[in-house]
Structures are given as C-alpha cells and as structure tokens.
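Data block below; observations after.
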Amino acid sequence: MIKKASELVQKENIKIRMLIAGFPGIGKTTVGLSAPKPLHIDTDYGATRVNPRHRADTIQPNSYQELLDDLKPENLKEYETLVFDTGGALFDLMKPYLIKQDAKNGKKNGDLSLQGYGAAGREFKRLMDIAYYQLRKHVVIIFHAKEEKDGENTRLRILVEGKTKNDVWQPMDLGGFMEMQGNERTIGFTNCERYFAKGTHGIQGIWRIKELQQEDKNDFLTRLFQEVQKNIEKETEIFEKEREAYEALMSSFDFEHTEINTLMEQIINTEHILTSKSELRAKIRQKAKKEGYVFDAETKKYILIAEKNKQETKENETENNMAEAQTEQQSEQNSENKETEIIKEENEQKTEPNKEVKKDVSDNGEPAEQLEIPTRE
C-alpha cells in the first residue's frame with residue numbers, strides 16, 4: 001500500500017524510543033524516570049540509589065521470563081513509559097533464557113557463544129517491538145558508558161557485550177550521552193568525535209539538564225517528548241496544503257468515462273504532487289487491463305488487444321509473402337546459372353583439336369608404339 005507523505009507524520013499518540021548513556025553516578029536513572037508516567041524496570045537493582053522524591057513504581061525481575069510475564073497490557077494500564085535500567089543488565093538477564101532455548105547459544109562457562117550474541121540481538125529487537133508496537137509505550141533504555149582508545153583519541157561507547165551494540169542503536173528514535181561540562185550536566189543528541197548519538201524531529205545538539213531542587217518536578221524527558229510532539233505537528237502542517245492539492249488533482253481524473261489515451265496525455269502533461277504520478281500510472285494500467293488494451297511502443301498509444309493481434313497477423317503474412325518471393329527468385333537464379341554452365345561445357349567440347357593415331361612399324365617387322373600425330377587441316 002502506498003502511503004502519502006502527509007500520512008507518514010503521526011499527529012497523535014506519538015511514542016518515543018530513547019537511549020541514554022553515561023558514566024555511573026551522573027544521574028541517568030533520574031533522567032530516565034523523568035519520562036511520562038514511568039515504570040522502572042530495574043534489572044540493575046539500583047532503584048534505592050535514586051532520590052526517594054524521584055522514584056517510580058518498579059519491577060526487579062529475577063529472570064527474563066519473569067520480565068516477559070510482567071509486561072502484559074493488563075499490568076501496564078497506569079504507565080506510559082517503560083524504563084529499562086540498565087541495558088547491560090538486561091542482556092545478562094537474557095543469557096540463561098537464550099541458552100535454555102538453544103544450547104548452541106551458550107558456552108560451558110555460561111557466557112553467550114557467537115551464535116548466542118546474534119540471538120541476543122534479535123531478542124532485544126523483539127522486546128523493543130513488543131513495548132513499542134504492541135504495548136504502545138514510550139521506551140527509555142539506560143546504558144553505562146565506557147571509554148575506548150582510538151589512536152590518540154578517547155571515545156565514549158555504551159557498555160554492552162559483543163556486537164549487540166549495533167542492534168541496540170537501530171530501533172532508537174533518540175540517543176543521548178550524558179556528561180558533565182563544568183558544573184552542569186548535559187546530554188548530547190548529535191554525533192561528534194567523542195561519542196555516537198542520535199537526534200530526530202528537531203532534537204539536536206547539547207541540552208542542559210537542570211539540577212533538581214527540593215521543590216522541582218522531575219520532568220526533563222516529559223518536556224523533551226512534548227517538544228518532539230510539537231515538532232511533529234509542525235512537520236504535519238508543511239504537508240497539509242500539499243495533501244489538499246494532491247486530493248484535488250487525483251479527483252480531477254475521470255477514469256470511468258475518459259478514453260484511455262486521453263487520460264494518458266493528461267497524466268503526461270500534469271504537474272504532479274506527492275505520489276500522484278505513480279498512482280495515476282498504476283490506475284491507467286488497471287484500466288488498460290480491464291478494458292483489453294495494450295501499450296504499443298511504436299505508436300506510443302494504447303490499442304485494443306484484438307486490433308493488435310490483427311495488425312501482427314497482417315505483418316506476419318507480409319513477411320511470409322516476402323520470404324516466399326525471395327525463395328522463388330533464388331530458385332530461378334540457380335536454374336539460370338545451371339543452364340549457363342551446361343552451354344559453356346558444350347562449346348568447349350566443339351572447339352577441342354582433332355587428333356589422328358598412326359601406327360609405326362619397327363625394323364624387325366613388329367608394330368611399334370602408337371604415336372599421336374596431329375593432322376593438318
């Protein structure tokens with residue numbers, strides 16, 4: 001199904017998938033719990049380190065299967081955001097689950113095999129899809145950061161085993177690294193030499209995170225998500241006029257009563273909007289199939305299949321007649337050539353010199369060899 005550009009912009013019930021990374025103690029969990037109506041999925045068992053004023057309802061699953069059992073629609077009616085804290089501990093929770101599913105996913109020491117890391121990446125994506133598409137919740141996943149040396153440069157990367165870091169970033173709408181700049185906490189949403197990040201819907205650059213006071217409300221991500229919503233609404237307005245013009249253009253074509261070649265000329269000469277050109281071409285192909293037309297490349301027009309067949313039959317007959325005429329002409333030429341050769345041979349025989357054979361007698365009276373002596377004429 002073809003979707004118009006304006007249909008790709010969702011106006012209501014926008015859900016965000018976000019990754020937050022940073023060093024321990026910088027306040028990642030507090031920021032994560034500033035999302036709208038959060039449920040804290042504390043796989044790292046660090047909920048007690050959060051200021052009591054900023055804590056939220058929490059589950060601390062002992063196994064990955066227990067986590068899946070908790071994530072049921074009937075259990076989540078009060079919540080708008082699922083905060084996974086941390087992603088590294090979440091992957092650790094997955095290990096026994098994945099190895100139980102397939103022994104080849106694990107090693108003897110309980111770690112994941114190469115195949116197991118692939119399975120972990122797929123399971124992570126499945127979990128994110130459940131949270132986002134089925135449960136229709138915001139998703140915030142928190143990772144610890146680590147420093148990696150790249151030549152003379154030091155870069156920040158999320159702390160996760162194996163190649164699964166690539167699977168983690170793929171579904172995210174936003175991804176920010178938290179750092180201290182002087183005495184201020186910040187989160188960056190734009191890639192730089194120091195770290196990877198991800199920004200969409202106008203969320204870019206470095207944002208300052210306010211230090212919370214006793215009376216302050218913990219709502220940084222709530223306000224950020226509202227900003228995303230406003231930006232999406234602005235994007236929608238851009239397409240609104242085009243959408244109206246598109247609908248007017250599409251309704252101006254009468255495919256039921258207009259002759260097919262006339263329609264084709266109209267489509268060619270129209271200034272198209274959004275996906276109108278491809279959709280109109282698809283409709284004209286449907287009309288051709290329904291009414292028995294085919295496109296003739298020579299005339300660049302649609303013609304009825306019956307007429308096309310007659311034309312092809314006539315062309316074939318003409319070609320056959322020409323071939324027969326050429327065959328007859330070649331046969332006649334061959335006969336003439338044969339007659340010419342016969343006459344030539346007869347003439348050569350008539351002009352050949354006459355020869356007389358004379359017998360000679362040797363001295364002993366015996367016949368000598370016969371000699372051919374040309375006769376004089």
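Convention: chains lettered A, B, ... in structure tokens order; per-chain residue numbering from 1; ligands numbered from 1 as shown.
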Skipping near chain neighbours, those fewer than 2 positions away, what residues fall within 9 Å of Leu90 of chain A using only C-alpha atoms, listed as a ChimeraX atom specification?
/A:42-44,64,84-88,92-94,124
Can you check which residues of segment 97-281 of chain A DSSP gives as strand (DSSP E) on the backbone and send them as JSON, numbers by chain?
{"A": [138, 139, 140, 141, 142, 143, 144, 145, 146, 147, 148, 149, 150, 153, 154, 155, 156, 157, 158, 174, 175, 176, 177, 178, 179, 180, 181, 184, 185, 186, 187, 188, 206, 207, 208, 209]}
Okay, now the selection with N, CA and C atoms, as a JSON list (two decimals), in the first residue's frame?
[["chain", "number", "residue", "atom", "x", "y", "z"],
["A", 138, "HIS", "N", 6.13, 4.55, 25.49],
["A", 138, "HIS", "CA", 7.47, 5.11, 25.31],
["A", 138, "HIS", "C", 8.47, 4.09, 25.85],
["A", 139, "VAL", "N", 9.67, 4.09, 25.28],
["A", 139, "VAL", "CA", 10.72, 3.19, 25.76],
["A", 139, "VAL", "C", 11.97, 4.02, 26.03],
["A", 140, "VAL", "N", 12.50, 3.89, 27.24],
["A", 140, "VAL", "CA", 13.78, 4.50, 27.59],
["A", 140, "VAL", "C", 14.69, 3.38, 28.09],
["A", 141, "ILE", "N", 15.85, 3.25, 27.47],
["A", 141, "ILE", "CA", 16.80, 2.22, 27.92],
["A", 141, "ILE", "C", 18.11, 2.90, 28.28],
["A", 142, "ILE", "N", 18.62, 2.56, 29.45],
["A", 142, "ILE", "CA", 19.79, 3.23, 30.03],
["A", 142, "ILE", "C", 21.00, 2.30, 29.96],
["A", 143, "PHE", "N", 22.13, 2.86, 29.54],
["A", 143, "PHE", "CA", 23.38, 2.10, 29.47],
["A", 143, "PHE", "C", 24.48, 2.85, 30.20],
["A", 144, "HIS", "N", 25.34, 2.08, 30.85],
["A", 144, "HIS", "CA", 26.59, 2.67, 31.34],
["A", 144, "HIS", "C", 27.49, 2.92, 30.13],
["A", 145, "ALA", "N", 28.39, 3.88, 30.28],
["A", 145, "ALA", "CA", 29.35, 4.20, 29.22],
["A", 145, "ALA", "C", 30.73, 3.72, 29.63],
["A", 146, "LYS", "N", 31.56, 3.50, 28.62],
["A", 146, "LYS", "CA", 32.96, 3.16, 28.86],
["A", 146, "LYS", "C", 33.82, 3.94, 27.89],
["A", 147, "GLU", "N", 35.06, 4.14, 28.27],
["A", 147, "GLU", "CA", 36.00, 4.84, 27.39],
["A", 147, "GLU", "C", 36.78, 3.83, 26.56],
["A", 148, "GLU", "N", 36.95, 4.15, 25.29],
["A", 148, "GLU", "CA", 37.74, 3.32, 24.39],
["A", 148, "GLU", "C", 38.79, 4.19, 23.71],
["A", 149, "LYS", "N", 39.99, 3.66, 23.61],
["A", 149, "LYS", "CA", 41.07, 4.38, 22.95],
["A", 149, "LYS", "C", 40.99, 4.17, 21.45],
["A", 150, "ASP", "N", 41.06, 5.26, 20.70],
["A", 150, "ASP", "CA", 41.09, 5.21, 19.25],
["A", 150, "ASP", "C", 42.27, 6.07, 18.80],
["A", 153, "ASN", "N", 42.86, 9.51, 20.51],
["A", 153, "ASN", "CA", 41.58, 10.00, 20.99],
["A", 153, "ASN", "C", 40.92, 8.99, 21.93],
["A", 154, "THR", "N", 40.15, 9.51, 22.87],
["A", 154, "THR", "CA", 39.36, 8.68, 23.78],
["A", 154, "THR", "C", 37.89, 8.90, 23.46],
["A", 155, "ARG", "N", 37.18, 7.80, 23.20],
["A", 155, "ARG", "CA", 35.78, 7.90, 22.80],
["A", 155, "ARG", "C", 34.90, 7.19, 23.82],
["A", 156, "LEU", "N", 33.65, 7.64, 23.91],
["A", 156, "LEU", "CA", 32.67, 7.02, 24.79],
["A", 156, "LEU", "C", 31.81, 6.05, 24.00],
["A", 157, "ARG", "N", 31.61, 4.87, 24.56],
["A", 157, "ARG", "CA", 30.76, 3.87, 23.93],
["A", 157, "ARG", "C", 29.86, 3.26, 25.00],
["A", 158, "ILE", "N", 28.71, 2.73, 24.57],
["A", 158, "ILE", "CA", 27.83, 2.08, 25.53],
["A", 158, "ILE", "C", 28.46, 0.77, 25.99],
["A", 174, "LEU", "N", 15.80, 8.47, 19.56],
["A", 174, "LEU", "CA", 16.73, 9.42, 20.16],
["A", 174, "LEU", "C", 17.80, 8.65, 20.93],
["A", 175, "GLY", "N", 19.01, 9.18, 20.91],
["A", 175, "GLY", "CA", 20.08, 8.58, 21.70],
["A", 175, "GLY", "C", 21.00, 9.67, 22.19],
["A", 176, "GLY", "N", 21.15, 9.79, 23.52],
["A", 176, "GLY", "CA", 21.96, 10.87, 24.06],
["A", 176, "GLY", "C", 23.00, 10.39, 25.05],
["A", 177, "PHE", "N", 24.17, 11.04, 25.03],
["A", 177, "PHE", "CA", 25.22, 10.77, 26.00],
["A", 177, "PHE", "C", 25.23, 11.88, 27.05],
["A", 178, "MET", "N", 25.18, 11.48, 28.32],
["A", 178, "MET", "CA", 25.22, 12.44, 29.42],
["A", 178, "MET", "C", 26.67, 12.66, 29.86],
["A", 179, "GLU", "N", 27.01, 13.93, 30.07],
["A", 179, "GLU", "CA", 28.35, 14.30, 30.52],
["A", 179, "GLU", "C", 28.25, 15.49, 31.47],
["A", 180, "MET", "N", 29.33, 15.71, 32.19],
["A", 180, "MET", "CA", 29.47, 16.93, 32.99],
["A", 180, "MET", "C", 30.31, 17.92, 32.20],
["A", 181, "GLN", "N", 29.76, 19.11, 32.00],
["A", 181, "GLN", "CA", 30.52, 20.20, 31.38],
["A", 181, "GLN", "C", 30.63, 21.31, 32.43],
["A", 184, "GLU", "N", 27.76, 21.62, 35.17],
["A", 184, "GLU", "CA", 26.44, 21.34, 34.62],
["A", 184, "GLU", "C", 26.39, 19.95, 33.97],
["A", 185, "ARG", "N", 25.26, 19.30, 34.19],
["A", 185, "ARG", "CA", 25.01, 18.04, 33.48],
["A", 185, "ARG", "C", 24.40, 18.36, 32.12],
["A", 186, "THR", "N", 24.86, 17.64, 31.11],
["A", 186, "THR", "CA", 24.33, 17.85, 29.76],
["A", 186, "THR", "C", 24.05, 16.50, 29.12],
["A", 187, "ILE", "N", 23.25, 16.55, 28.07],
["A", 187, "ILE", "CA", 23.02, 15.35, 27.26],
["A", 187, "ILE", "C", 23.10, 15.77, 25.79],
["A", 188, "GLY", "N", 23.91, 15.05, 25.03],
["A", 188, "GLY", "CA", 24.13, 15.41, 23.62],
["A", 188, "GLY", "C", 23.41, 14.46, 22.68],
["A", 206, "ILE", "N", 23.38, 19.83, 22.14],
["A", 206, "ILE", "CA", 23.58, 19.55, 23.56],
["A", 206, "ILE", "C", 22.52, 20.27, 24.38],
["A", 207, "TRP", "N", 21.86, 19.52, 25.25],
["A", 207, "TRP", "CA", 20.81, 20.07, 26.11],
["A", 207, "TRP", "C", 21.31, 20.07, 27.56],
["A", 208, "ARG", "N", 21.03, 21.15, 28.26],
["A", 208, "ARG", "CA", 21.40, 21.26, 29.67],
["A", 208, "ARG", "C", 20.33, 20.60, 30.53],
["A", 209, "ILE", "N", 20.77, 19.81, 31.50],
["A", 209, "ILE", "CA", 19.85, 19.15, 32.43],
["A", 209, "ILE", "C", 19.91, 19.90, 33.77]]
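Nearest to Ile26 of chain A of all the residues A:Asn183, A:Pro73, A:Pro171, A:Pro38 is A:Asn183, based on only C-alpha atoms.
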Residue neighbourhood segment 132-134 of chain A, 12 Å, only C-alpha atoms, exclusion window fewer than 4 positions, as a ChimeraX atom specification:
/A:13-18,71-73,76,80-82,125-128,138-140,171-173
May I ask which of the residues A:Asn347, A:Glu161, A:Ala89, A:Glu240 is the closest one to Asp111 of chain A, counting only C-alpha atoms?
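Answer, going by the shortest atom-to-atom distance: A:Glu161.
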Could you pull out the helix (DSSP H, G or I) residues of segment 1-240 of chain A from DSSP and send them as an MDAnalysis selection string?
chainID A and resid 5:8 28:32 47:49 52:54 64:70 73:75 87:101 103:105 114:134 164:169 220:240
If you count only C-alpha atoms, which residues fall within 12 Å of Gln213 of chain A, apart from same-chain ones fewer than 3 positions away, as a VMD selection string?
chain A and resid 51 53 to 54 210 216 to 218
Nearest to Val83 of chain A by atom-to-atom distance, counting only C-alpha atoms, from A:Arg49, A:Lys290, A:Lys28, A:Arg122:
A:Lys28
Excluding Ile303 of chain A and its own-chain neighbours fewer than 2 positions away, which residues fall within 12 Å of it when counting only C-alpha atoms? Please give them as a list in words.
Glu259, Ile260, Asn261, Ala288, Lys289, Glu291, Gly292, Tyr293, Val294, Phe295, Asp296, Ala297, Glu298, Thr299, Lys300, Lys301, Ile305, Ala306, Glu307, Lys308, Asn309, Lys310 and Gln311 of chain A
Using only C-alpha atoms, which residue out of A:Pro52, A:Ile273, A:Ala21, A:Gly205 lies closest to Lys241 of chain A?
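Looking only at the distances to Lys241 of chain A, the closest residue turns out to be A:Ile273.
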Counting only C-alpha atoms, the residue of A:Glu339, A:Glu265, A:Glu78, A:Glu66 that sits nearest Leu39 of chain A
A:Glu78
